[in-house]
>>> print(open('run.txt').read())   # compact mmCIF, C-alpha atoms
# COMPACT_ATOMS: atom_id res chain seq x y z
CA MET A 1 44.91 -0.95 72.57
CA SER A 2 45.10 2.61 71.31
CA GLN A 3 47.19 5.06 73.29
CA ASP A 4 44.08 7.12 74.01
CA ALA A 5 42.20 4.08 75.34
CA ALA A 6 45.13 3.17 77.54
CA ALA A 7 45.36 6.69 78.94
CA ALA A 8 41.64 6.66 79.73
CA VAL A 9 41.23 3.16 81.17
CA LEU A 10 44.62 2.28 82.64
CA ASP A 11 45.77 5.09 84.90
CA SER A 12 49.00 4.90 86.89
CA ALA A 13 47.26 3.25 89.85
CA SER A 14 45.86 0.53 87.60
CA LEU A 15 49.22 -0.10 85.97
CA ASP A 16 50.86 -0.35 89.39
CA ALA A 17 48.21 -2.88 90.42
CA PHE A 18 48.97 -4.99 87.36
CA ARG A 19 52.70 -4.79 88.08
CA ARG A 20 52.06 -6.29 91.51
CA VAL A 21 50.49 -9.43 90.04
CA CYS A 22 52.40 -9.95 86.80
CA ASP A 23 55.50 -8.99 84.87
CA LEU A 24 54.22 -6.07 82.82
CA ALA A 25 56.11 -5.50 79.59
CA ALA A 26 57.66 -2.08 79.10
CA PRO A 27 56.46 0.02 77.46
CA PRO A 28 53.13 -1.53 78.44
CA VAL A 29 50.99 -0.09 75.64
CA LEU A 30 51.19 -1.40 72.07
CA ASP A 31 48.92 0.03 69.38
CA ASP A 32 50.76 -1.62 66.48
CA LEU A 33 51.68 -5.30 66.77
CA SER A 34 53.73 -5.41 63.58
CA THR A 35 56.71 -3.31 64.69
CA PRO A 36 60.05 -4.92 65.61
CA ARG A 37 59.61 -3.73 69.19
CA ALA A 38 56.15 -5.30 69.41
CA THR A 39 57.34 -8.55 67.86
CA SER A 40 60.15 -8.74 70.40
CA LEU A 41 57.77 -8.18 73.32
CA LEU A 42 55.16 -10.62 72.02
CA ALA A 43 57.67 -13.46 72.06
CA ASP A 44 57.48 -13.59 75.89
CA VAL A 45 53.83 -12.70 76.41
CA ASP A 46 51.48 -15.18 78.14
CA LEU A 47 48.50 -12.82 78.43
CA LEU A 48 47.38 -9.71 76.57
CA ILE A 49 45.32 -6.96 78.15
CA THR A 50 43.39 -5.39 75.28
CA GLY A 51 41.06 -2.44 74.83
CA TRP A 52 39.48 -0.12 72.32
CA GLY A 53 41.66 0.17 69.22
CA CYS A 54 43.39 -3.18 69.66
CA PRO A 55 44.96 -4.42 66.41
CA VAL A 56 43.57 -7.64 64.96
CA LEU A 57 45.06 -10.74 66.57
CA ASP A 58 45.50 -12.70 63.35
CA GLU A 59 47.74 -15.63 62.48
CA GLU A 60 50.74 -13.38 61.82
CA VAL A 61 50.47 -11.77 65.25
CA LEU A 62 49.99 -15.14 66.93
CA ARG A 63 53.09 -16.54 65.24
CA ALA A 64 55.04 -13.78 66.96
CA ALA A 65 53.42 -14.72 70.29
CA PRO A 66 53.99 -18.47 70.69
CA ARG A 67 53.35 -18.37 74.47
CA LEU A 68 50.11 -16.40 74.31
CA ARG A 69 47.35 -18.26 76.11
CA ALA A 70 44.87 -15.61 77.24
CA VAL A 71 43.31 -12.26 76.28
CA VAL A 72 41.68 -10.00 78.86
CA HIS A 73 39.62 -7.28 77.20
CA THR A 74 38.94 -4.03 79.09
CA ALA A 75 35.85 -3.24 77.00
CA GLY A 76 32.79 -5.11 75.75
CA SER A 77 32.87 -6.70 72.33
CA VAL A 78 35.92 -8.70 71.20
CA ARG A 79 34.72 -9.09 67.61
CA ALA A 80 37.09 -6.46 66.24
CA HIS A 81 40.31 -8.17 67.33
CA VAL A 82 39.79 -11.78 68.45
CA THR A 83 39.89 -13.93 65.32
CA ASP A 84 39.31 -17.58 64.43
CA ALA A 85 43.07 -18.06 64.75
CA CYS A 86 42.78 -17.21 68.46
CA TRP A 87 40.03 -19.74 69.05
CA GLU A 88 41.87 -22.41 67.08
CA ARG A 89 44.97 -21.82 69.19
CA GLY A 90 42.80 -22.41 72.28
CA ILE A 91 43.42 -18.94 73.65
CA GLU A 92 41.11 -18.11 76.57
CA VAL A 93 39.26 -14.80 76.27
CA SER A 94 37.65 -12.60 78.91
CA SER A 95 35.62 -9.43 78.40
CA ALA A 96 34.59 -6.53 80.62
CA ALA A 97 31.14 -6.48 79.00
CA ALA A 98 29.52 -7.16 82.37
CA ALA A 99 31.23 -4.14 83.92
CA ASN A 100 30.30 -1.95 80.96
CA ALA A 101 26.68 -3.13 81.18
CA LEU A 102 26.10 -1.47 84.55
CA PRO A 103 26.33 2.22 83.54
CA VAL A 104 24.18 1.51 80.47
CA ALA A 105 21.59 -0.10 82.72
CA GLU A 106 21.77 2.83 85.14
CA TYR A 107 21.24 5.28 82.26
CA THR A 108 18.28 3.22 81.06
CA LEU A 109 16.68 3.07 84.52
CA ALA A 110 17.03 6.82 84.90
CA MET A 111 15.43 7.45 81.52
CA ILE A 112 12.56 5.03 82.22
CA LEU A 113 11.72 6.77 85.50
CA LEU A 114 12.10 10.25 84.02
CA ALA A 115 9.94 9.25 81.06
CA GLY A 116 7.19 8.02 83.37
CA LYS A 117 7.06 11.36 85.15
CA GLN A 118 7.42 13.22 81.82
CA ILE A 119 10.18 15.24 83.43
CA LEU A 120 11.69 16.67 80.25
CA GLU A 121 8.38 17.83 78.79
CA ARG A 122 6.98 19.20 82.04
CA GLY A 123 10.27 20.92 82.85
CA ARG A 124 10.27 22.54 79.43
CA ASP A 125 6.67 23.71 79.86
CA PHE A 126 7.43 25.08 83.33
CA LYS A 127 10.41 27.00 81.97
CA ALA A 128 8.22 28.53 79.27
CA SER A 129 5.23 29.43 81.49
CA ARG A 130 7.13 30.31 84.69
CA ARG A 131 4.10 29.21 86.71
CA ARG A 132 3.07 25.98 88.38
CA ASP A 133 0.24 23.95 86.87
CA ASP A 134 -2.66 22.52 88.85
CA TRP A 135 -0.95 19.45 90.25
CA LEU A 136 -4.25 17.93 91.44
CA ARG A 137 -5.34 17.73 87.81
CA THR A 138 -2.30 15.76 86.68
CA PRO A 139 -3.52 13.15 84.16
CA ASP A 140 -3.23 9.49 85.16
CA THR A 141 -0.91 8.91 82.20
CA ILE A 142 1.85 10.52 84.26
CA GLY A 143 3.76 8.48 86.84
CA ASN A 144 5.51 5.14 87.18
CA TYR A 145 3.09 3.27 89.45
CA ARG A 146 1.96 0.09 87.68
CA SER A 147 3.35 1.26 84.38
CA THR A 148 4.49 -1.34 81.87
CA VAL A 149 8.06 -1.45 80.60
CA GLY A 150 9.23 -3.69 77.79
CA ILE A 151 12.77 -5.00 77.52
CA LEU A 152 13.88 -6.07 74.06
CA SER A 153 16.59 -8.73 74.55
CA ALA A 154 17.81 -10.39 77.72
CA SER A 155 21.38 -9.35 77.00
CA LEU A 156 23.82 -8.54 79.80
CA ILE A 157 22.48 -5.00 79.78
CA GLY A 158 18.86 -6.04 79.44
CA ARG A 159 19.18 -8.33 82.45
CA ARG A 160 20.81 -5.56 84.51
CA VAL A 161 17.92 -3.23 83.64
CA VAL A 162 15.45 -5.89 84.80
CA GLU A 163 17.42 -6.20 88.04
CA LEU A 164 17.41 -2.43 88.64
CA LEU A 165 13.66 -2.22 87.96
CA ARG A 166 12.78 -4.80 90.63
CA PRO A 167 12.34 -2.34 93.54
CA HIS A 168 9.82 -0.32 91.52
CA ASP A 169 6.08 -0.91 91.10
CA ILE A 170 6.49 -1.57 87.39
CA GLU A 171 5.37 -4.53 85.28
CA VAL A 172 8.24 -5.73 83.12
CA LEU A 173 7.67 -7.61 79.87
CA LEU A 174 10.49 -9.24 77.92
CA HIS A 175 10.95 -10.34 74.35
CA ASP A 176 13.88 -12.55 73.55
CA PRO A 177 13.49 -15.57 71.23
CA TYR A 178 16.19 -17.44 73.16
CA VAL A 179 14.52 -17.09 76.57
CA SER A 180 11.86 -19.56 77.68
CA ASP A 181 8.83 -18.77 79.82
CA ALA A 182 10.55 -20.51 82.73
CA ASP A 183 13.73 -18.47 82.24
CA ALA A 184 11.68 -15.28 82.12
CA ALA A 185 9.84 -16.22 85.29
CA GLU A 186 13.17 -16.77 87.00
CA LEU A 187 14.14 -13.24 85.97
CA GLY A 188 10.87 -11.98 87.45
CA VAL A 189 9.40 -10.88 84.12
CA ARG A 190 6.84 -12.17 81.64
CA ARG A 191 7.96 -13.22 78.19
CA VAL A 192 5.84 -11.94 75.30
CA GLU A 193 6.03 -11.90 71.54
CA LEU A 194 7.58 -8.90 69.83
CA ALA A 195 4.28 -7.42 68.64
CA GLU A 196 2.76 -7.53 72.13
CA LEU A 197 5.84 -5.90 73.65
CA PHE A 198 5.42 -2.80 71.49
CA ALA A 199 1.62 -2.70 71.55
CA ARG A 200 1.32 -2.95 75.35
CA CYS A 201 4.24 -1.09 76.90
CA ASP A 202 4.39 2.50 78.08
CA THR A 203 8.16 2.36 77.55
CA VAL A 204 10.21 -0.02 75.40
CA SER A 205 13.97 -0.22 75.97
CA VAL A 206 16.08 -1.77 73.21
CA HIS A 207 19.07 -3.90 74.25
CA THR A 208 19.48 -6.08 71.16
CA PRO A 209 22.99 -6.44 69.71
CA LEU A 210 23.35 -5.41 66.08
CA LEU A 211 23.54 -8.63 64.10
CA PRO A 212 22.47 -9.45 60.53
CA THR A 213 19.22 -10.83 61.98
CA THR A 214 18.49 -7.74 64.11
CA ARG A 215 19.26 -4.94 61.63
CA GLY A 216 16.00 -3.01 61.21
CA LEU A 217 14.26 -5.34 63.67
CA VAL A 218 12.22 -2.48 65.11
CA GLY A 219 10.38 -1.47 61.96
CA ARG A 220 7.51 0.82 61.09
CA ALA A 221 4.75 -1.63 62.02
CA LEU A 222 6.10 -2.08 65.54
CA ILE A 223 6.72 1.62 66.05
CA ASP A 224 3.25 2.53 64.78
CA SER A 225 1.69 -0.01 67.15
CA MET A 226 3.06 1.71 70.27
CA PRO A 227 0.49 3.44 72.49
CA ALA A 228 0.12 7.18 72.05
CA GLY A 229 2.75 8.98 74.13
CA ALA A 230 4.86 5.85 74.68
CA MET A 231 8.62 6.15 75.04
CA LEU A 232 11.20 4.26 72.95
CA ILE A 233 14.69 4.10 74.46
CA ASN A 234 17.67 2.85 72.46
CA THR A 235 21.09 2.28 74.01
CA SER A 236 22.11 -0.63 71.76
CA ARG A 237 22.86 0.29 68.13
CA GLY A 238 21.02 2.76 65.95
CA ALA A 239 20.56 0.37 63.03
CA VAL A 240 18.40 -1.99 65.12
CA ILE A 241 15.63 0.59 64.63
CA ASP A 242 14.20 1.85 61.34
CA GLN A 243 15.42 5.44 61.69
CA GLU A 244 12.99 6.86 59.14
CA ALA A 245 9.96 5.21 60.74
CA LEU A 246 11.06 6.37 64.19
CA THR A 247 11.57 9.92 62.94
CA ASP A 248 8.10 10.00 61.39
CA ALA A 249 6.43 8.79 64.60
CA VAL A 250 8.34 11.19 66.84
CA LEU A 251 7.81 14.21 64.59
CA ALA A 252 4.10 13.42 64.45
CA GLY A 253 4.02 13.55 68.25
CA ARG A 254 2.74 9.97 68.51
CA ILE A 255 5.62 8.70 70.62
CA ARG A 256 8.69 10.00 72.41
CA ALA A 257 12.26 8.78 72.10
CA VAL A 258 15.49 8.73 74.10
CA LEU A 259 18.32 7.86 71.74
CA ASP A 260 21.87 7.31 72.92
CA VAL A 261 22.60 5.82 69.49
CA THR A 262 21.27 6.65 66.05
CA ASP A 263 21.74 5.55 62.45
CA PRO A 264 24.10 7.03 61.39
CA GLU A 265 25.91 7.35 64.73
CA VAL A 266 25.81 11.14 64.44
CA LEU A 267 22.76 12.39 62.59
CA PRO A 268 23.28 15.02 59.87
CA PRO A 269 23.19 18.58 61.27
CA ASP A 270 19.88 19.30 59.52
CA HIS A 271 18.14 16.13 60.68
CA PRO A 272 14.71 17.04 62.10
CA LEU A 273 15.18 14.98 65.28
CA TRP A 274 17.76 17.45 66.58
CA ASP A 275 15.09 20.12 67.09
CA CYS A 276 12.20 17.81 67.94
CA GLU A 277 10.83 18.34 71.45
CA ASN A 278 9.75 14.71 71.67
CA ALA A 279 13.28 13.35 71.24
CA LEU A 280 16.30 13.42 73.53
CA ILE A 281 19.54 12.52 71.76
CA THR A 282 22.68 11.87 73.80
CA PRO A 283 26.18 11.30 72.34
CA HIS A 284 26.60 7.54 72.97
CA LEU A 285 27.45 8.24 76.60
CA ALA A 286 25.50 5.49 78.38
CA GLY A 287 28.49 3.13 78.43
CA SER A 288 31.49 3.52 80.70
CA GLN A 289 32.98 7.02 80.82
CA GLY A 290 34.99 9.08 83.26
CA ASN A 291 35.44 7.37 86.62
CA GLU A 292 33.45 4.36 85.32
CA TRP A 293 36.53 3.34 83.31
CA ARG A 294 38.09 2.30 86.62
CA ARG A 295 35.51 -0.49 86.87
CA LEU A 296 36.75 -1.89 83.54
CA ALA A 297 40.35 -1.85 84.74
CA ASP A 298 39.39 -3.42 88.07
CA LEU A 299 37.56 -6.25 86.31
CA ALA A 300 40.52 -6.87 84.00
CA LEU A 301 42.85 -6.99 86.99
CA ALA A 302 40.60 -9.45 88.82
CA GLU A 303 40.39 -11.65 85.72
CA THR A 304 44.18 -11.60 85.34
CA ILE A 305 44.60 -12.71 88.95
CA ARG A 306 42.05 -15.51 88.52
CA TRP A 307 43.68 -16.77 85.33
CA ALA A 308 47.19 -16.69 86.77
CA SER A 309 46.03 -18.62 89.83
CA GLY A 310 44.39 -21.29 87.68
CA THR A 311 40.88 -20.41 88.83
CA GLY A 312 39.70 -19.49 85.35
CA PHE A 313 37.90 -16.42 84.08
CA LEU A 314 34.72 -15.27 85.79
CA HIS A 315 33.64 -13.51 82.56
CA PRO A 316 34.77 -15.79 79.73
CA VAL A 317 33.81 -15.22 76.11
CA ARG A 318 32.78 -18.47 74.44
CA ARG A 319 33.31 -18.96 70.73
CA GLU A 320 29.94 -20.64 70.34
CA ARG A 321 28.20 -17.58 71.79
CA LEU A 322 29.75 -15.04 69.42
CA ALA A 323 26.77 -15.16 67.06
CA PHE A 324 24.57 -13.74 69.85
CA LEU A 325 26.98 -11.08 71.14
CA ALA A 326 27.53 -7.52 70.04
>>> encode(input="run.txt", output="structure tokens")
Amino acid sequence: MSQDAAAAVLDSASLDAFRRVCDLAAPPVLDDLSTPRATSLLADVDLLITGWGCPVLDEEVLRAAPRLRAVVHTAGSVRAHVTDACWERGIEVSSAAAANALPVAEYTLAMILLAGKQILERGRDFKASRRRDDWLRTPDTIGNYRSTVGILSASLIGRRVVELLRPHDIEVLLHDPYVSDADAAELGVRRVELAELFARCDTVSVHTPLLPTTRGLVGRALIDSMPAGAMLINTSRGAVIDQEALTDAVLAGRIRAVLDVTDPEVLPPDHPLWDCENALITPHLAGSQGNEWRRLADLALAETIRWASGTGFLHPVRRERLAFLA
């Protein structure tokens, strides 16, 4: 992994914990696997702990690591470094995607509940007026009781959001073409088609991975079908949504948006969404940050212990599932 990723995710306590369960190479962090030092270390490696900035594990790297049998990733997606050569070697792969899903789901839950109470708008109005409104005349469009929330994709994160919504008096609809009605019922939600999800829901939360088939999935027709004042939350990837169509709808005041990701990742400084009162843009912070990185390290440690004991990974990445993963 990169040196910065290692410094963030693997603090001294985490490294000490790894040293107690395995022989940790020294120096433990490699950000270039082509150097003589790296080649020498790889010759004796059974398992790699990887993270953000990991070099590609191609055939050349694997030739230098004849004993390598497992990769434990301290982040979500392994697409950037685990190659076909790894799968063909039979290398087992684990990911911390499940651990990273939790803070994203927590962020999403918070935004859903805040959106229902219209906290941002009402707080802004209160700051401007400096006087309390007539709370007994609050319109019935405000509040979360019996509101309808749509989840786009039963991904790891989407499922965690569904789980966190269970204690609330909220109807949850789901669209995922790979989930059956029976599977949805088991999750405690109702499966609907994509058009119904957007036309019916007070809030739609997007959790679809960015794949060739999902780029621009949320287009103008879907956005324009949302009820007036509805909220669109995106914590997946910006390119899943038609950015121009979303901008038009938000600027027109038809809908509201909470965007932890955009397309491009950082909008140009003069983009109109920056100053739009109906949009909240956060800097891709929903995923693990700060003390949440410890959860990633803890999961990687637990997976290392399981693999070394012969129990097998609790969070394996399957080659046949890559087409559906971020």
>>> atom_distance(input="run.txt", atom1="CA of Glu320 (chain A)", atom2="CA of Arg63 (chain A)")
24.1 Å
>>> closest_residue(input="run.txt", among="A:Thr247, A:Ser14, A:Thr138, A:Ser40", to="Ala26 (chain A)", atoms="all atoms listed in the file")
A:Ser40
>>> closest_residue(input="run.txt", among="A:Arg215, A:Arg220, A:Arg190, A:Arg37", to="Asp263 (chain A)", atoms="only C-alpha atoms")
A:Arg215
>>> atom_distance(input="run.txt", atom1="CA of Cys276 (chain A)", atom2="CA of Ala245 (chain A)")
14.7 Å
>>> residues_around(input="run.txt", residues="region 89-102 of chain A", least_positions_apart="2", cutoff="7 Å", atoms="all atoms listed in the file", output="list in words")
Arg69, Ala70, Val71, Val72, His73, Thr74, Ala75, Gly76, Ser77, Ala85, Cys86, Trp87, Val104, Ala105, Glu106, Leu156, Ile157, Arg160, Gly287, Ser288, Arg295, Leu296, Leu299, Ala300, Phe313, His315, Pro316 and Val317 of chain A
>>> residues_near_point(input="run.txt", point="(46.4, 4.2, 76.9)", cutoff="12 Å", atoms="only C-alpha atoms", output="PyMOL selection string")
chain A and resi 1-12+14-15+27-31+49-54+74+293+297
>>> atom_distance(input="run.txt", atom1="CA of Ile170 (chain A)", atom2="CA of Val149 (chain A)")
7.0 Å
>>> residues_around(input="run.txt", residues="Lys117 (chain A)", least_positions_apart="2", cutoff="7 Å", atoms="all atoms listed in the file", output="PyMOL selection string")
chain A and resi 113-115+119+142-144
>>> residues_around(input="run.txt", residues="Leu322 (chain A)", least_positions_apart="3", cutoff="10 Å", atoms="all atoms listed in the file", output="ChimeraX atom specification")
/A:77-79,317-319,325-326
>>> residues_near_point(input="run.txt", point="(-0.2, -0.3, 69.6)", cutoff="6 Å", atoms="all atoms listed in the file", output="number ranges by chain")
A: 199, 225-227
>>> residues_around(input="run.txt", residues="Asp23 (chain A)", least_positions_apart="3", cutoff="12 Å", atoms="all atoms listed in the file", output="list in words")
Leu15, Asp16, Ala17, Phe18, Arg19, Arg20, Ala26, Pro27, Pro28, Leu41, Asp44, Val45, Asp46, Leu47, Leu48, Thr304 and Ala308 of chain A
